[in-house]
Each structure stands twice: as structure tokens, then as C-alpha cells.
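J.: My structure is stored as work_2.cif, with mmCIF, C-alpha atoms.
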data_final
#
loop_
_atom_site.label_atom_id
_atom_site.label_comp_id
_atom_site.auth_asym_id
_atom_site.auth_seq_id
_atom_site.Cartn_x
_atom_site.Cartn_y
_atom_site.Cartn_z
CA MET A 1088 -63.23 15.38 13.91
CA ILE A 1089 -63.93 12.30 16.07
CA THR A 1090 -64.26 9.10 14.04
CA ARG A 1091 -65.99 5.84 14.93
CA ARG A 1092 -62.55 4.33 15.50
CA ASP A 1093 -61.73 7.07 18.02
CA CYS A 1094 -64.87 6.20 19.98
CA LEU A 1095 -63.74 2.58 20.19
CA LEU A 1096 -60.32 3.53 21.62
CA SER A 1097 -59.86 3.78 25.37
CA PRO A 1098 -59.14 7.20 26.91
CA ALA A 1099 -55.58 6.01 27.63
CA ALA A 1100 -55.04 5.00 23.99
CA LEU A 1101 -56.40 8.31 22.77
CA ALA A 1102 -54.07 10.20 25.12
CA ALA A 1103 -51.07 8.16 23.93
CA ALA A 1104 -51.93 8.77 20.27
CA SER A 1105 -52.31 12.50 20.92
CA THR A 1106 -48.95 12.65 22.68
CA ALA A 1107 -47.23 10.77 19.83
CA ALA A 1108 -48.71 13.09 17.23
CA ALA A 1109 -47.59 16.17 19.14
CA SER A 1110 -44.09 14.89 19.91
CA GLY A 1111 -42.79 15.36 16.38
CA PRO A 1112 -40.39 13.13 14.44
CA ALA A 1113 -37.65 11.11 16.06
CA PRO A 1114 -34.28 12.86 15.71
CA VAL A 1115 -32.05 11.46 12.98
CA VAL A 1116 -28.73 12.35 11.38
CA ILE A 1117 -27.50 10.93 8.08
CA SER A 1118 -24.19 11.37 6.30
CA SER A 1119 -21.93 10.04 3.59
CA ALA A 1120 -20.17 6.80 4.51
CA ASN A 1121 -17.15 8.64 5.94
CA GLY A 1122 -19.41 10.30 8.50
CA LEU A 1123 -20.01 7.66 11.17
CA ARG A 1124 -18.24 9.78 13.77
CA ALA A 1125 -19.91 12.90 12.45
CA CYS A 1126 -23.35 11.36 12.91
CA THR A 1127 -22.49 10.27 16.44
CA ARG A 1128 -21.30 13.73 17.43
CA ALA A 1129 -24.24 15.50 15.81
CA MET A 1130 -26.75 13.22 17.56
CA GLU A 1131 -25.04 13.79 20.90
CA LEU A 1132 -25.57 17.52 20.45
CA LEU A 1133 -29.16 17.16 19.24
CA LYS A 1134 -29.97 15.26 22.43
CA THR A 1135 -28.77 18.25 24.47
CA GLY A 1136 -31.05 20.60 22.55
CA ALA A 1137 -28.34 22.08 20.34
CA ASP A 1138 -29.25 23.84 17.12
CA THR A 1139 -29.42 21.47 14.16
CA LEU A 1140 -26.79 23.39 12.18
CA ASP A 1141 -24.39 23.61 15.10
CA ALA A 1142 -24.79 19.85 15.48
CA VAL A 1143 -23.93 18.86 11.90
CA ILE A 1144 -21.06 21.34 11.70
CA ALA A 1145 -19.55 19.93 14.89
CA GLY A 1146 -19.93 16.51 13.32
CA VAL A 1147 -18.14 17.30 10.06
CA ASN A 1148 -15.44 19.24 11.92
CA ILE A 1149 -14.16 15.83 13.05
CA VAL A 1150 -13.55 14.87 9.43
CA GLU A 1151 -12.30 18.33 8.38
CA GLU A 1152 -9.62 18.12 11.07
CA ASP A 1153 -8.67 14.50 10.35
CA PRO A 1154 -5.50 14.29 8.18
CA GLU A 1155 -6.35 10.71 7.23
CA ASP A 1156 -9.42 11.72 5.22
CA VAL A 1157 -7.73 13.00 2.07
CA THR A 1158 -10.90 14.40 0.49
CA VAL A 1159 -11.94 16.84 3.23
CA GLY A 1160 -10.23 19.67 5.11
CA TYR A 1161 -6.76 19.25 6.62
CA GLY A 1162 -4.87 16.58 4.70
CA GLY A 1163 -7.05 16.93 1.62
CA LEU A 1164 -5.32 16.27 -1.69
CA PRO A 1165 -4.22 19.54 -3.32
CA ASN A 1166 -4.76 21.21 -6.67
CA GLU A 1167 -2.27 20.84 -9.52
CA ASP A 1168 -0.01 23.46 -7.91
CA GLY A 1169 0.19 21.51 -4.65
CA VAL A 1170 -2.16 23.88 -2.77
CA VAL A 1171 -5.15 22.64 -0.78
CA GLU A 1172 -8.36 24.53 -1.62
CA LEU A 1173 -11.52 23.86 0.37
CA ASP A 1174 -15.23 24.33 -0.34
CA ALA A 1175 -18.26 24.14 1.97
CA SER A 1176 -21.94 25.05 2.15
CA VAL A 1177 -24.44 25.20 5.01
CA ALA A 1178 -28.23 25.45 5.20
CA HIS A 1179 -30.31 26.24 8.30
CA GLY A 1180 -33.93 25.15 8.13
CA PRO A 1181 -35.44 27.21 10.98
CA THR A 1182 -34.26 30.52 9.51
CA ARG A 1183 -34.31 29.35 5.88
CA ARG A 1184 -30.82 30.75 5.40
CA CYS A 1185 -27.74 29.34 3.70
CA ALA A 1186 -24.19 30.27 2.75
CA ALA A 1187 -21.02 28.87 1.21
CA VAL A 1188 -17.30 29.39 0.67
CA ALA A 1189 -15.23 28.14 -2.26
CA GLY A 1190 -11.52 27.97 -3.03
CA LEU A 1191 -10.68 28.71 0.62
CA ARG A 1192 -7.03 28.19 1.54
CA ASN A 1193 -5.25 27.80 4.90
CA ILE A 1194 -8.37 27.25 7.07
CA LYS A 1195 -9.10 23.72 8.31
CA THR A 1196 -12.84 24.14 8.86
CA PRO A 1197 -14.54 25.81 5.88
CA SER A 1198 -17.92 24.70 7.23
CA LYS A 1199 -17.49 27.10 10.15
CA VAL A 1200 -16.50 29.91 7.81
CA ALA A 1201 -19.62 29.28 5.69
CA GLN A 1202 -21.74 29.42 8.84
CA ARG A 1203 -20.14 32.73 9.79
CA VAL A 1204 -20.92 34.10 6.31
CA MET A 1205 -24.55 33.09 6.84
CA GLU A 1206 -24.77 34.62 10.29
CA GLN A 1207 -22.75 37.80 9.79
CA THR A 1208 -23.56 38.90 6.22
CA ASP A 1209 -26.40 38.95 3.73
CA HIS A 1210 -24.19 37.25 1.12
CA ILE A 1211 -24.54 33.63 0.05
CA MET A 1212 -21.05 32.80 -1.25
CA LEU A 1213 -17.52 34.09 -0.71
CA VAL A 1214 -14.65 32.69 -2.78
CA GLY A 1215 -10.87 32.59 -2.89
CA GLU A 1216 -8.94 35.47 -1.39
CA GLY A 1217 -12.15 37.21 -0.28
CA ALA A 1218 -13.22 34.14 1.68
CA LEU A 1219 -9.78 33.91 3.31
CA ARG A 1220 -9.78 37.59 4.27
CA PHE A 1221 -13.25 37.20 5.77
CA ALA A 1222 -12.13 34.15 7.77
CA ARG A 1223 -9.00 35.95 8.94
CA ALA A 1224 -11.05 38.96 10.05
CA HIS A 1225 -13.26 36.66 12.13
CA GLY A 1226 -10.35 35.10 13.97
CA PHE A 1227 -9.88 31.83 12.10
CA LYS A 1228 -6.34 30.50 12.39
CA GLU A 1229 -4.34 30.08 9.18
CA GLU A 1230 -2.43 26.81 8.86
CA ASN A 1231 -0.64 24.83 6.19
CA LEU A 1232 -3.18 22.20 5.16
CA LEU A 1233 -0.81 20.09 3.04
CA THR A 1234 0.29 17.04 5.03
CA GLU A 1235 3.36 14.99 4.14
CA LYS A 1236 1.07 12.16 3.00
CA ALA A 1237 -0.82 14.46 0.63
CA ARG A 1238 2.42 16.05 -0.58
CA LEU A 1239 3.79 12.60 -1.44
CA ALA A 1240 0.68 11.79 -3.46
CA TRP A 1241 1.00 15.11 -5.30
CA MET A 1242 4.65 14.41 -6.14
CA VAL A 1243 3.76 10.93 -7.39
CA TRP A 1244 1.00 12.47 -9.52
CA LYS A 1245 3.46 14.97 -10.98
CA GLN A 1246 5.80 12.15 -11.92
CA SER A 1247 2.97 10.10 -13.43
CA LEU A 1248 2.20 12.77 -16.03
CA ARG A 1249 3.29 12.06 -19.58
CA ASP A 1250 2.91 13.71 -22.94
CA ALA A 1251 2.00 11.74 -26.08
CA SER A 1252 5.58 10.55 -26.37
CA GLY A 1253 5.90 9.55 -22.74
CA HIS A 1254 8.06 12.54 -21.78
CA ASN A 1255 7.88 13.88 -18.24
CA ASN A 1256 9.69 16.98 -16.97
CA TRP A 1257 9.59 15.67 -13.40
CA ALA A 1258 11.41 12.43 -14.12
CA PRO A 1259 15.09 11.93 -15.06
CA GLY A 1260 15.57 10.96 -18.64
CA LEU A 1261 12.60 10.79 -20.97
CA TRP A 1262 10.22 8.40 -19.28
CA ALA A 1263 7.72 8.84 -16.48
CA PRO A 1264 8.00 6.25 -13.70
CA SER A 1265 5.73 3.25 -13.35
CA ALA A 1266 4.14 2.23 -10.08
CA ALA A 1267 6.86 -0.38 -9.60
CA ALA A 1268 9.65 2.18 -10.08
CA LEU A 1269 8.43 4.53 -7.36
CA LYS A 1270 10.40 2.81 -4.60
CA SER A 1271 13.68 4.01 -6.06
CA ARG A 1272 12.37 7.59 -6.17
CA PHE A 1273 10.94 7.52 -2.63
CA PRO A 1274 13.08 4.96 -0.76
CA GLN A 1275 11.97 6.21 2.66
CA VAL A 1276 8.28 5.51 1.98
CA ASP A 1277 6.73 2.11 2.75
CA GLU A 1278 5.20 -0.03 -0.01
CA ALA A 1279 1.58 0.37 1.14
CA THR A 1280 1.80 4.16 1.16
CA LEU A 1281 3.43 4.20 -2.27
CA ALA A 1282 0.70 1.92 -3.64
CA TRP A 1283 -1.94 4.26 -2.24
CA ALA A 1284 -0.16 7.32 -3.67
CA TRP A 1285 -0.03 5.75 -7.13
CA GLN A 1286 -3.70 4.82 -6.96
CA VAL A 1287 -4.86 8.36 -6.10
CA ALA A 1288 -2.43 9.84 -8.63
CA VAL A 1289 -3.91 7.97 -11.57
CA HIS A 1290 -7.47 7.80 -10.21
CA PRO A 1291 -8.09 11.15 -8.44
CA PRO A 1292 -10.62 10.67 -5.61
CA THR A 1293 -13.76 12.80 -5.40
CA GLY A 1294 -14.76 12.29 -1.77
CA THR A 1295 -16.45 14.90 0.44
CA ILE A 1296 -18.75 14.72 3.46
CA ASN A 1297 -22.41 15.66 3.54
CA CYS A 1298 -24.36 15.60 6.80
CA LEU A 1299 -28.10 16.27 7.32
CA SER A 1300 -30.01 16.50 10.60
CA LEU A 1301 -33.58 16.53 11.92
CA ASN A 1302 -34.52 17.17 15.54
CA ALA A 1303 -37.64 16.30 17.54
CA LYS A 1304 -39.19 19.70 16.74
CA GLY A 1305 -38.96 18.98 13.02
CA GLU A 1306 -36.13 21.48 12.49
CA MET A 1307 -33.55 20.58 9.88
CA SER A 1308 -30.06 21.64 8.80
CA GLY A 1309 -27.33 20.44 6.49
CA VAL A 1310 -23.67 20.89 5.57
CA THR A 1311 -21.38 19.72 2.78
CA THR A 1312 -17.61 20.20 2.95
CA THR A 1313 -14.73 19.03 0.75
CA SER A 1314 -11.22 19.56 -0.57
CA GLY A 1315 -12.61 18.88 -4.02
CA LEU A 1316 -11.20 16.92 -6.92
CA ALA A 1317 -7.54 16.03 -6.46
CA TRP A 1318 -5.10 17.77 -8.85
CA LYS A 1319 -7.81 20.18 -10.02
CA ILE A 1320 -7.08 23.40 -11.88
CA PRO A 1321 -6.62 26.10 -9.19
CA GLY A 1322 -9.91 27.85 -8.60
CA ARG A 1323 -12.08 24.92 -9.70
CA ALA A 1324 -15.21 24.57 -7.59
CA GLY A 1325 -17.38 21.48 -7.75
CA ASP A 1326 -20.91 21.02 -6.46
CA SER A 1327 -20.19 21.14 -2.72
CA PRO A 1328 -20.36 24.94 -2.27
CA ILE A 1329 -23.29 25.36 -4.67
CA ILE A 1330 -26.66 25.68 -2.96
CA GLY A 1331 -29.03 23.49 -4.97
CA ALA A 1332 -26.32 21.09 -6.12
CA GLY A 1333 -24.10 19.87 -3.28
CA LEU A 1334 -26.68 20.87 -0.66
CA TYR A 1335 -30.30 22.00 -0.57
CA LEU A 1336 -32.87 22.22 2.20
CA ASP A 1337 -36.49 23.28 2.47
CA GLN A 1338 -37.75 23.23 6.04
CA ASP A 1339 -41.24 22.27 4.86
CA VAL A 1340 -40.04 19.27 2.85
CA GLY A 1341 -36.58 17.92 3.60
CA ALA A 1342 -32.91 18.10 2.73
CA ALA A 1343 -30.49 16.53 0.28
CA GLY A 1344 -26.77 16.51 -0.44
CA SER A 1345 -24.18 14.80 -2.59
CA THR A 1346 -20.64 13.47 -2.78
CA GLY A 1347 -18.66 12.23 -5.76
CA ARG A 1348 -18.35 13.68 -9.25
CA GLY A 1349 -19.44 17.27 -8.70
CA GLU A 1350 -19.65 18.35 -12.32
CA GLU A 1351 -22.34 15.74 -13.01
CA ASN A 1352 -24.35 16.92 -10.01
CA ILE A 1353 -24.18 20.58 -11.04
CA ARG A 1354 -25.62 19.69 -14.43
CA ILE A 1355 -28.84 18.40 -12.85
CA ALA A 1356 -28.96 20.62 -9.71
CA GLY A 1357 -29.10 17.33 -7.83
CA ALA A 1358 -29.91 18.35 -4.26
CA HIS A 1359 -32.65 20.74 -5.39
CA THR A 1360 -34.04 18.09 -7.73
CA ILE A 1361 -34.28 15.56 -4.90
CA VAL A 1362 -36.03 17.96 -2.51
CA GLU A 1363 -38.48 18.98 -5.22
CA ASN A 1364 -39.14 15.31 -5.95
CA MET A 1365 -40.00 14.76 -2.29
CA ARG A 1366 -42.20 17.87 -2.34
CA HIS A 1367 -44.23 16.27 -5.12
CA GLY A 1368 -44.72 13.02 -3.27
CA MET A 1369 -41.69 10.85 -3.99
CA SER A 1370 -40.11 8.89 -1.18
CA PRO A 1371 -36.45 9.67 -0.44
CA LYS A 1372 -35.46 6.47 -2.26
CA GLU A 1373 -37.50 7.37 -5.33
CA ALA A 1374 -36.17 10.94 -5.24
CA VAL A 1375 -32.49 9.96 -5.29
CA LEU A 1376 -33.06 7.35 -8.00
CA ASP A 1377 -34.74 9.95 -10.19
CA ALA A 1378 -31.72 12.26 -9.80
CA LEU A 1379 -29.39 9.40 -10.77
CA LYS A 1380 -31.55 8.63 -13.82
CA ARG A 1381 -31.16 12.25 -14.95
CA ILE A 1382 -27.38 11.81 -14.90
CA GLU A 1383 -27.69 8.56 -16.83
CA ARG A 1384 -29.88 10.33 -19.39
CA ASN A 1385 -27.22 13.01 -19.91
CA TYR A 1386 -25.04 10.24 -21.36
CA ASN A 1387 -27.87 8.50 -23.23
CA GLY A 1388 -27.28 5.49 -21.04
CA ASN A 1389 -23.76 4.92 -22.39
CA ARG A 1390 -22.28 2.53 -19.82
CA ASP A 1391 -18.70 3.00 -21.03
CA LEU A 1392 -18.88 6.73 -20.32
CA LEU A 1393 -20.86 6.37 -17.08
CA ALA A 1394 -18.31 3.86 -15.80
CA LYS A 1395 -15.67 6.62 -15.67
CA PHE A 1396 -17.18 8.23 -12.55
CA ASP A 1397 -19.50 7.71 -9.59
CA ILE A 1398 -21.78 9.93 -7.55
CA ASN A 1399 -23.80 9.61 -4.35
CA PHE A 1400 -26.95 11.35 -3.15
CA TYR A 1401 -28.43 11.58 0.35
CA ALA A 1402 -32.02 12.52 1.20
CA LEU A 1403 -33.72 13.21 4.53
CA ARG A 1404 -37.42 13.98 4.58
CA ARG A 1405 -39.02 16.11 7.28
CA ASP A 1406 -40.88 13.08 8.69
CA GLY A 1407 -37.55 11.31 9.31
CA GLN A 1408 -37.55 9.01 6.29
CA HIS A 1409 -34.17 8.87 4.55
CA ALA A 1410 -32.21 7.19 1.77
CA GLY A 1411 -28.81 7.12 0.12
CA GLY A 1412 -28.33 6.58 -3.59
CA ARG A 1413 -25.30 5.73 -5.73
CA LEU A 1414 -24.83 5.54 -9.48
CA TRP A 1415 -22.93 2.23 -9.41
CA SER A 1416 -23.23 -0.76 -7.11
CA GLY A 1417 -20.18 -1.83 -5.17
CA PRO A 1418 -18.72 -2.55 -1.74
CA HIS A 1419 -18.75 1.12 -0.73
CA ALA A 1420 -22.37 1.83 -1.68
CA SER A 1421 -23.53 2.84 1.77
CA TYR A 1422 -24.32 5.87 3.91
CA ALA A 1423 -24.15 6.62 7.64
CA VAL A 1424 -27.20 6.90 9.89
CA ASN A 1425 -27.76 7.69 13.55
CA ASP A 1426 -31.31 7.64 14.91
CA GLY A 1427 -30.46 7.67 18.58
CA GLY A 1428 -28.23 4.65 19.10
CA ALA A 1429 -24.88 3.76 17.58
CA SER A 1430 -24.08 5.15 14.17
CA ARG A 1431 -24.30 2.53 11.45
CA LEU A 1432 -23.94 2.12 7.69
CA GLU A 1433 -27.01 1.38 5.60
CA PRO A 1434 -26.98 0.28 1.94
CA CYS A 1435 -27.56 2.82 -0.82
CA VAL A 1436 -30.02 2.12 -3.58
CA CYS A 1437 -27.94 1.81 -6.76
CA LEU A 1438 -29.07 2.66 -10.27
CA LEU A 1439 -26.50 0.61 -12.22
CA GLN A 1440 -24.96 -2.77 -11.50
CA LYS A 1441 -21.28 -3.38 -12.15
CA ARG A 1442 -20.54 -6.39 -14.27
CA GLY A 1443 -19.22 -9.27 -12.21
#
Translate the structure described by the file into C-alpha cells.

T.:
Amino acid sequence: MITRRDCLLSPAALAAASTAAASGPAPVVISSANGLRACTRAMELLKTGADTLDAVIAGVNIVEEDPEDVTVGYGGLPNEDGVVELDASVAHGPTRRCAAVAGLRNIKTPSKVAQRVMEQTDHIMLVGEGALRFARAHGFKEENLLTEKARLAWMVWKQSLRDASGHNNWAPGLWAPSAAALKSRFPQVDEATLAWAWQVAVHPPTGTINCLSLNAKGEMSGVTTTSGLAWKIPGRAGDSPIIGAGLYLDQDVGAAGSTGRGEENIRIAGAHTIVENMRHGMSPKEAVLDALKRIERNYNGNRDLLAKFDINFYALRRDGQHAGGRLWSGPHASYAVNDGGASRLEPCVCLLQKRG
């Protein structure tokens, strides 16, 4: 319908407005803060016309193959037996399909295996030995994923364990070592690496990478991939491989993902909650804050209990609007964005403020 305002616009202005409306959203990729390079790579591929899922998987492959990121892929911190187990999920907006793998060993890029499950089967999730056999059958190379750096951290964790009396089977005598005593146990390791190993031993990290994309045609995809909680019980799966928790996407609405404390996310089906919030009119910022409030409510607002963990959410709406959210404020409360230029970090909206 032509309005009075339309009649007042020049033919050139009307043509420009029509072209803008038909051109679709501007491409954008967002990711967890460890995904600056992932966003850059994904955007490069989107600009060439690559599929949105191929783009985000190529992006996170950089992190999966990086031994310095100890929460994802190769170099990830192992389970309590010293074995690296990986989880990943993928979602493809144009076909409305998804898939996941959990507890996958010996394969650096679980995101690619999850994509192959989506493309080659009608299953949603493969786990453990079955996932490995599937990957092996499709030509994925098996490798030892435990780096020397991760092995050192695992050994330090083993020696940090104590029973109620302070006894430790991994240490000589009856007492587990302190951080200061580690140098005598590992004389060949530099002080900075030992300090890092002690930190991750007593405070197991819960990293991960989530990456979401939108192209100019309005097509969306997402991926989440992780090595999971350090020192976990073998076979433990967090939220990352669970569609609706670590990743969820509805092509008509948007996409969401998460990193951090997976158990808390599973309890509220966080990614699904965020997408449904956006479906019902919330902005991405409002949607992630609502998910964080649900976690807070599970603890009746008890700050002492909530202070024991953190969690991040990421939301990308189909019109290109996006947000990152974090339970606690802090120097690392940010997420990565690329909307066509250089990848950058943007601040997350935080539900709770740390004292001081």
C-alpha cells in the first residue's frame, strides 16, 4: 500500500528503499570471546557465498586445532583418567537440521564429525565409542589429543587431591604438595607454567567455543564445541552437545549458544529459552538476561552459591541484532563479533556485579 509519505519521496529514494528492503540483513558472525579468529574466518567464507554452517565450522576448527586453547579440541584438559573427551553440536538453519557428538576421543575436530552425522544419517547424537567408530569410518584421522602442557596440568591436579586427613596417593609421604612445592616435583617446568597448572588444577576451567552466523540471505547456522569440564568423570557430557542447551537455532527467529558451567545451562535449556524469548518479542539482550535470571532463581538468589561458577550466553536474531550475556561481571565479560570488518570484542550484559 502506498502511503502519503511514499508520495513525498523522490523516485530515487523509493528505489533505494526498495533495494535496501530486498537486500536482506547485513552478514554477521558472533562467538565466545576466544573466537576472534573464528569470526574472521567465518566472515571471510560468508563473503565468498559459502554455506553458513561450513563457515562457522571452519571458524571453530581454528580453535579446535589450537593446542593453546585448553578448553576445546586438541590440547583440551582431560578427564580424571587423563583422557581427552570432546563434545560438539551443529545446527543448520536452511535445512532445519542439527546433530551432535559427545564423549568423542582421538579426533581433533568434533564439529566436523557432528556435521557428518547431520548430513549422512537421520540421527541427532552419537556418543563415545559409537561416535569414534562413525568418525573412523568416514576417514577422520585418529590422534593423541593430550599435549604435554595438558598432561602436566593433569599430573598437578592428581597431586593436589587430598582426603579428609590430607593423604594423597600420588605424593611421597602423607601430604599433598602445595603450589610452592611443585617446583621440586617438576624441576624442568618454568614457574609461569607451574602457576597456570596449579590454577587449573584447583579451579577447573569450563571454556568452550560457540559461533553463530547470519548471511545476507537471512540464512543462519551455529556450532558449539568443547573438551568439557577439566578432570570430569569419564563419560560426562555438559551442555555443548545438547540441542536446546549448548546450541539452538530456529531459522525464523534466531540462534543462541552458551559457554561456561554446562550443568546450570542444561537445567534451564538455555539456548532454547533464549530463542523462544526472542520469538515472543524480547531483544537479544533481554533474552539472555532472562535466561541468566532463571539460573539465579534456581539458587534463590544465593550469592555465595552463585559465586562458585559462571556462565555465558550468546544470541543472534535473524535481523542481525545480537548480544552476549554473563552471570558475573568481570574483565572477561565479552564476546566476539564480526560484521564485515575486523573482528572485535563487545561487552556482555551481566546480571550480577562482583563486589569490589

J.: With distances taken over all atoms listed in the file, which of A:His1419, A:Thr1234, A:Arg1381, A:Ala1374 is nearest to Phe1400 of chain A?

T.: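 Nearest candidate to Phe1400 of chain A out of A:His1419, A:Thr1234, A:Arg1381, A:Ala1374: A:Ala1374.
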
J.: Can you turn the PyMOL selection byres ((chain A and resi 1358) around 12) into a concrete residue list for this file, as a PyMOL selection string?

T.: chain A and resi 1178+1297+1299+1309-1311+1326-1337+1341-1346+1349+1351-1357+1359-1365+1371+1374-1375+1377-1379+1399-1403+1412

J.: Hey, can you check how far atom CA of Met1205 of chain A sits from atom CA of Cys1185 of chain A?

T.: 5.8 Å

J.: For His1290 of chain A, which residue out of A:Ser1247, A:Leu1191, A:Ile1117, A:Gly1226 is the nearest one, using all atoms listed in the file?

T.: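 Going through A:Ser1247, A:Leu1191, A:Ile1117, A:Gly1226 one by one, the smallest distance to His1290 of chain A is for A:Ser1247.
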
J.: One decimal, Å: what's the distance from atom CA of Leu1301 of chain A over to atom CA of Lys1380 of chain A, could you say?

T.: 27.0 Å

J.: Taking the file as shown, what set of residues would the PyMOL selection byres ((chain A and resi 1281-1284) around 12) give back, as number ranges by chain?

T.: A: 1157, 1164, 1235-1247, 1265-1280, 1285-1292, 1317

J.: The PyMOL selection byres ((chain A and resi 1122) around 9) on the file shown: which residues, as number ranges by chain?

T.: A: 1117-1121, 1123-1127, 1146-1147, 1149-1150, 1296-1298, 1422-1424, 1430

J.: Rounded to one decimal in Å, what is the spacing between atom CA of His1409 of chain A and atom CA of Cys1437 of chain A?

T.: 14.7 Å

J.: Hey, which of A:Pro1165, A:Ser1421, A:Asp1209, A:Ala1113 ends up closest to Gly1407 of chain A? Count only C-alpha atoms.

T.: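 Result for the nearest residue to Gly1407 of chain A: A:Ala1113.
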
J.: Excluding Thr1293 of chain A and its own-chain neighbours fewer than 5 positions away, which residues fall within 9 Å of it when counting all atoms listed in the file? Please give them as a list of chain:residue names.

T.: A:Thr1158, A:Thr1313, A:Ser1314, A:Gly1315, A:Leu1316, A:Ala1317, A:Thr1346, A:Gly1347, A:Arg1348, A:Gly1349, A:Asp1397, A:Ile1398

J.: Can you write out the residues you just picked, keeping C-alpha atoms, as a PDB file, in the coordinates of the input?

T.:
ATOM      1  CA  THR A1158     -10.900  14.400   0.490  1.00  0.00           C
ATOM      2  CA  THR A1313     -14.730  19.030   0.750  1.00  0.00           C
ATOM      3  CA  SER A1314     -11.220  19.560  -0.570  1.00  0.00           C
ATOM      4  CA  GLY A1315     -12.610  18.880  -4.020  1.00  0.00           C
ATOM      5  CA  LEU A1316     -11.200  16.920  -6.920  1.00  0.00           C
ATOM      6  CA  ALA A1317      -7.540  16.030  -6.460  1.00  0.00           C
ATOM      7  CA  THR A1346     -20.640  13.470  -2.780  1.00  0.00           C
ATOM      8  CA  GLY A1347     -18.660  12.230  -5.760  1.00  0.00           C
ATOM      9  CA  ARG A1348     -18.350  13.680  -9.250  1.00  0.00           C
ATOM     10  CA  GLY A1349     -19.440  17.270  -8.700  1.00  0.00           C
ATOM     11  CA  ASP A1397     -19.500   7.710  -9.590  1.00  0.00           C
ATOM     12  CA  ILE A1398     -21.780   9.930  -7.550  1.00  0.00           C
TER      13      ILE A1398
END

J.: Will you model N, CA and C atoms for segment 1206-1222 of chain A and pass it back as a PDB file, keeping the file's coordinate frame?

T.:
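Final output, saved to rebuild17.pdb:
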ATOM      1  N   GLU A1206     -24.325  33.916   9.092  1.00  0.00           N
ATOM      2  CA  GLU A1206     -24.770  34.620  10.290  1.00  0.00           C
ATOM      3  C   GLU A1206     -24.407  36.106  10.297  1.00  0.00           C
ATOM      4  N   GLN A1207     -23.281  36.448   9.654  1.00  0.00           N
ATOM      5  CA  GLN A1207     -22.750  37.800   9.790  1.00  0.00           C
ATOM      6  C   GLN A1207     -22.933  38.680   8.552  1.00  0.00           C
ATOM      7  N   THR A1208     -23.396  38.114   7.439  1.00  0.00           N
ATOM      8  CA  THR A1208     -23.560  38.900   6.220  1.00  0.00           C
ATOM      9  C   THR A1208     -24.901  38.561   5.577  1.00  0.00           C
ATOM     10  N   ASP A1209     -25.241  39.313   4.531  1.00  0.00           N
ATOM     11  CA  ASP A1209     -26.400  38.950   3.730  1.00  0.00           C
ATOM     12  C   ASP A1209     -25.973  38.329   2.401  1.00  0.00           C
ATOM     13  N   HIS A1210     -24.702  37.921   2.313  1.00  0.00           N
ATOM     14  CA  HIS A1210     -24.190  37.250   1.120  1.00  0.00           C
ATOM     15  C   HIS A1210     -24.468  35.748   1.215  1.00  0.00           C
ATOM     16  N   ILE A1211     -24.394  35.083   0.081  1.00  0.00           N
ATOM     17  CA  ILE A1211     -24.540  33.630   0.050  1.00  0.00           C
ATOM     18  C   ILE A1211     -23.190  32.940  -0.123  1.00  0.00           C
ATOM     19  N   MET A1212     -22.319  33.477  -0.978  1.00  0.00           N
ATOM     20  CA  MET A1212     -21.050  32.800  -1.250  1.00  0.00           C
ATOM     21  C   MET A1212     -19.888  33.774  -1.287  1.00  0.00           C
ATOM     22  N   LEU A1213     -18.802  33.388  -0.604  1.00  0.00           N
ATOM     23  CA  LEU A1213     -17.520  34.090  -0.710  1.00  0.00           C
ATOM     24  C   LEU A1213     -16.504  33.106  -1.274  1.00  0.00           C
ATOM     25  N   VAL A1214     -15.592  33.593  -2.124  1.00  0.00           N
ATOM     26  CA  VAL A1214     -14.650  32.690  -2.780  1.00  0.00           C
ATOM     27  C   VAL A1214     -13.222  33.207  -2.664  1.00  0.00           C
ATOM     28  N   GLY A1215     -12.280  32.265  -2.770  1.00  0.00           N
ATOM     29  CA  GLY A1215     -10.870  32.590  -2.890  1.00  0.00           C
ATOM     30  C   GLY A1215     -10.330  33.523  -1.840  1.00  0.00           C
ATOM     31  N   GLU A1216      -9.592  34.531  -2.292  1.00  0.00           N
ATOM     32  CA  GLU A1216      -8.940  35.470  -1.390  1.00  0.00           C
ATOM     33  C   GLU A1216      -9.959  36.205  -0.521  1.00  0.00           C
ATOM     34  N   GLY A1217     -11.122  36.532  -1.072  1.00  0.00           N
ATOM     35  CA  GLY A1217     -12.150  37.210  -0.280  1.00  0.00           C
ATOM     36  C   GLY A1217     -12.635  36.355   0.866  1.00  0.00           C
ATOM     37  N   ALA A1218     -12.796  35.048   0.622  1.00  0.00           N
ATOM     38  CA  ALA A1218     -13.220  34.140   1.680  1.00  0.00           C
ATOM     39  C   ALA A1218     -12.145  34.034   2.757  1.00  0.00           C
ATOM     40  N   LEU A1219     -10.874  33.981   2.340  1.00  0.00           N
ATOM     41  CA  LEU A1219      -9.780  33.910   3.310  1.00  0.00           C
ATOM     42  C   LEU A1219      -9.707  35.180   4.143  1.00  0.00           C
ATOM     43  N   ARG A1220      -9.825  36.337   3.521  1.00  0.00           N
ATOM     44  CA  ARG A1220      -9.780  37.590   4.270  1.00  0.00           C
ATOM     45  C   ARG A1220     -10.929  37.678   5.260  1.00  0.00           C
ATOM     46  N   PHE A1221     -12.102  37.218   4.866  1.00  0.00           N
ATOM     47  CA  PHE A1221     -13.250  37.200   5.770  1.00  0.00           C
ATOM     48  C   PHE A1221     -12.968  36.284   6.963  1.00  0.00           C
ATOM     49  N   ALA A1222     -12.440  35.084   6.688  1.00  0.00           N
ATOM     50  CA  ALA A1222     -12.130  34.150   7.770  1.00  0.00           C
ATOM     51  C   ALA A1222     -11.075  34.730   8.709  1.00  0.00           C
TER      52      ALA A1222
END
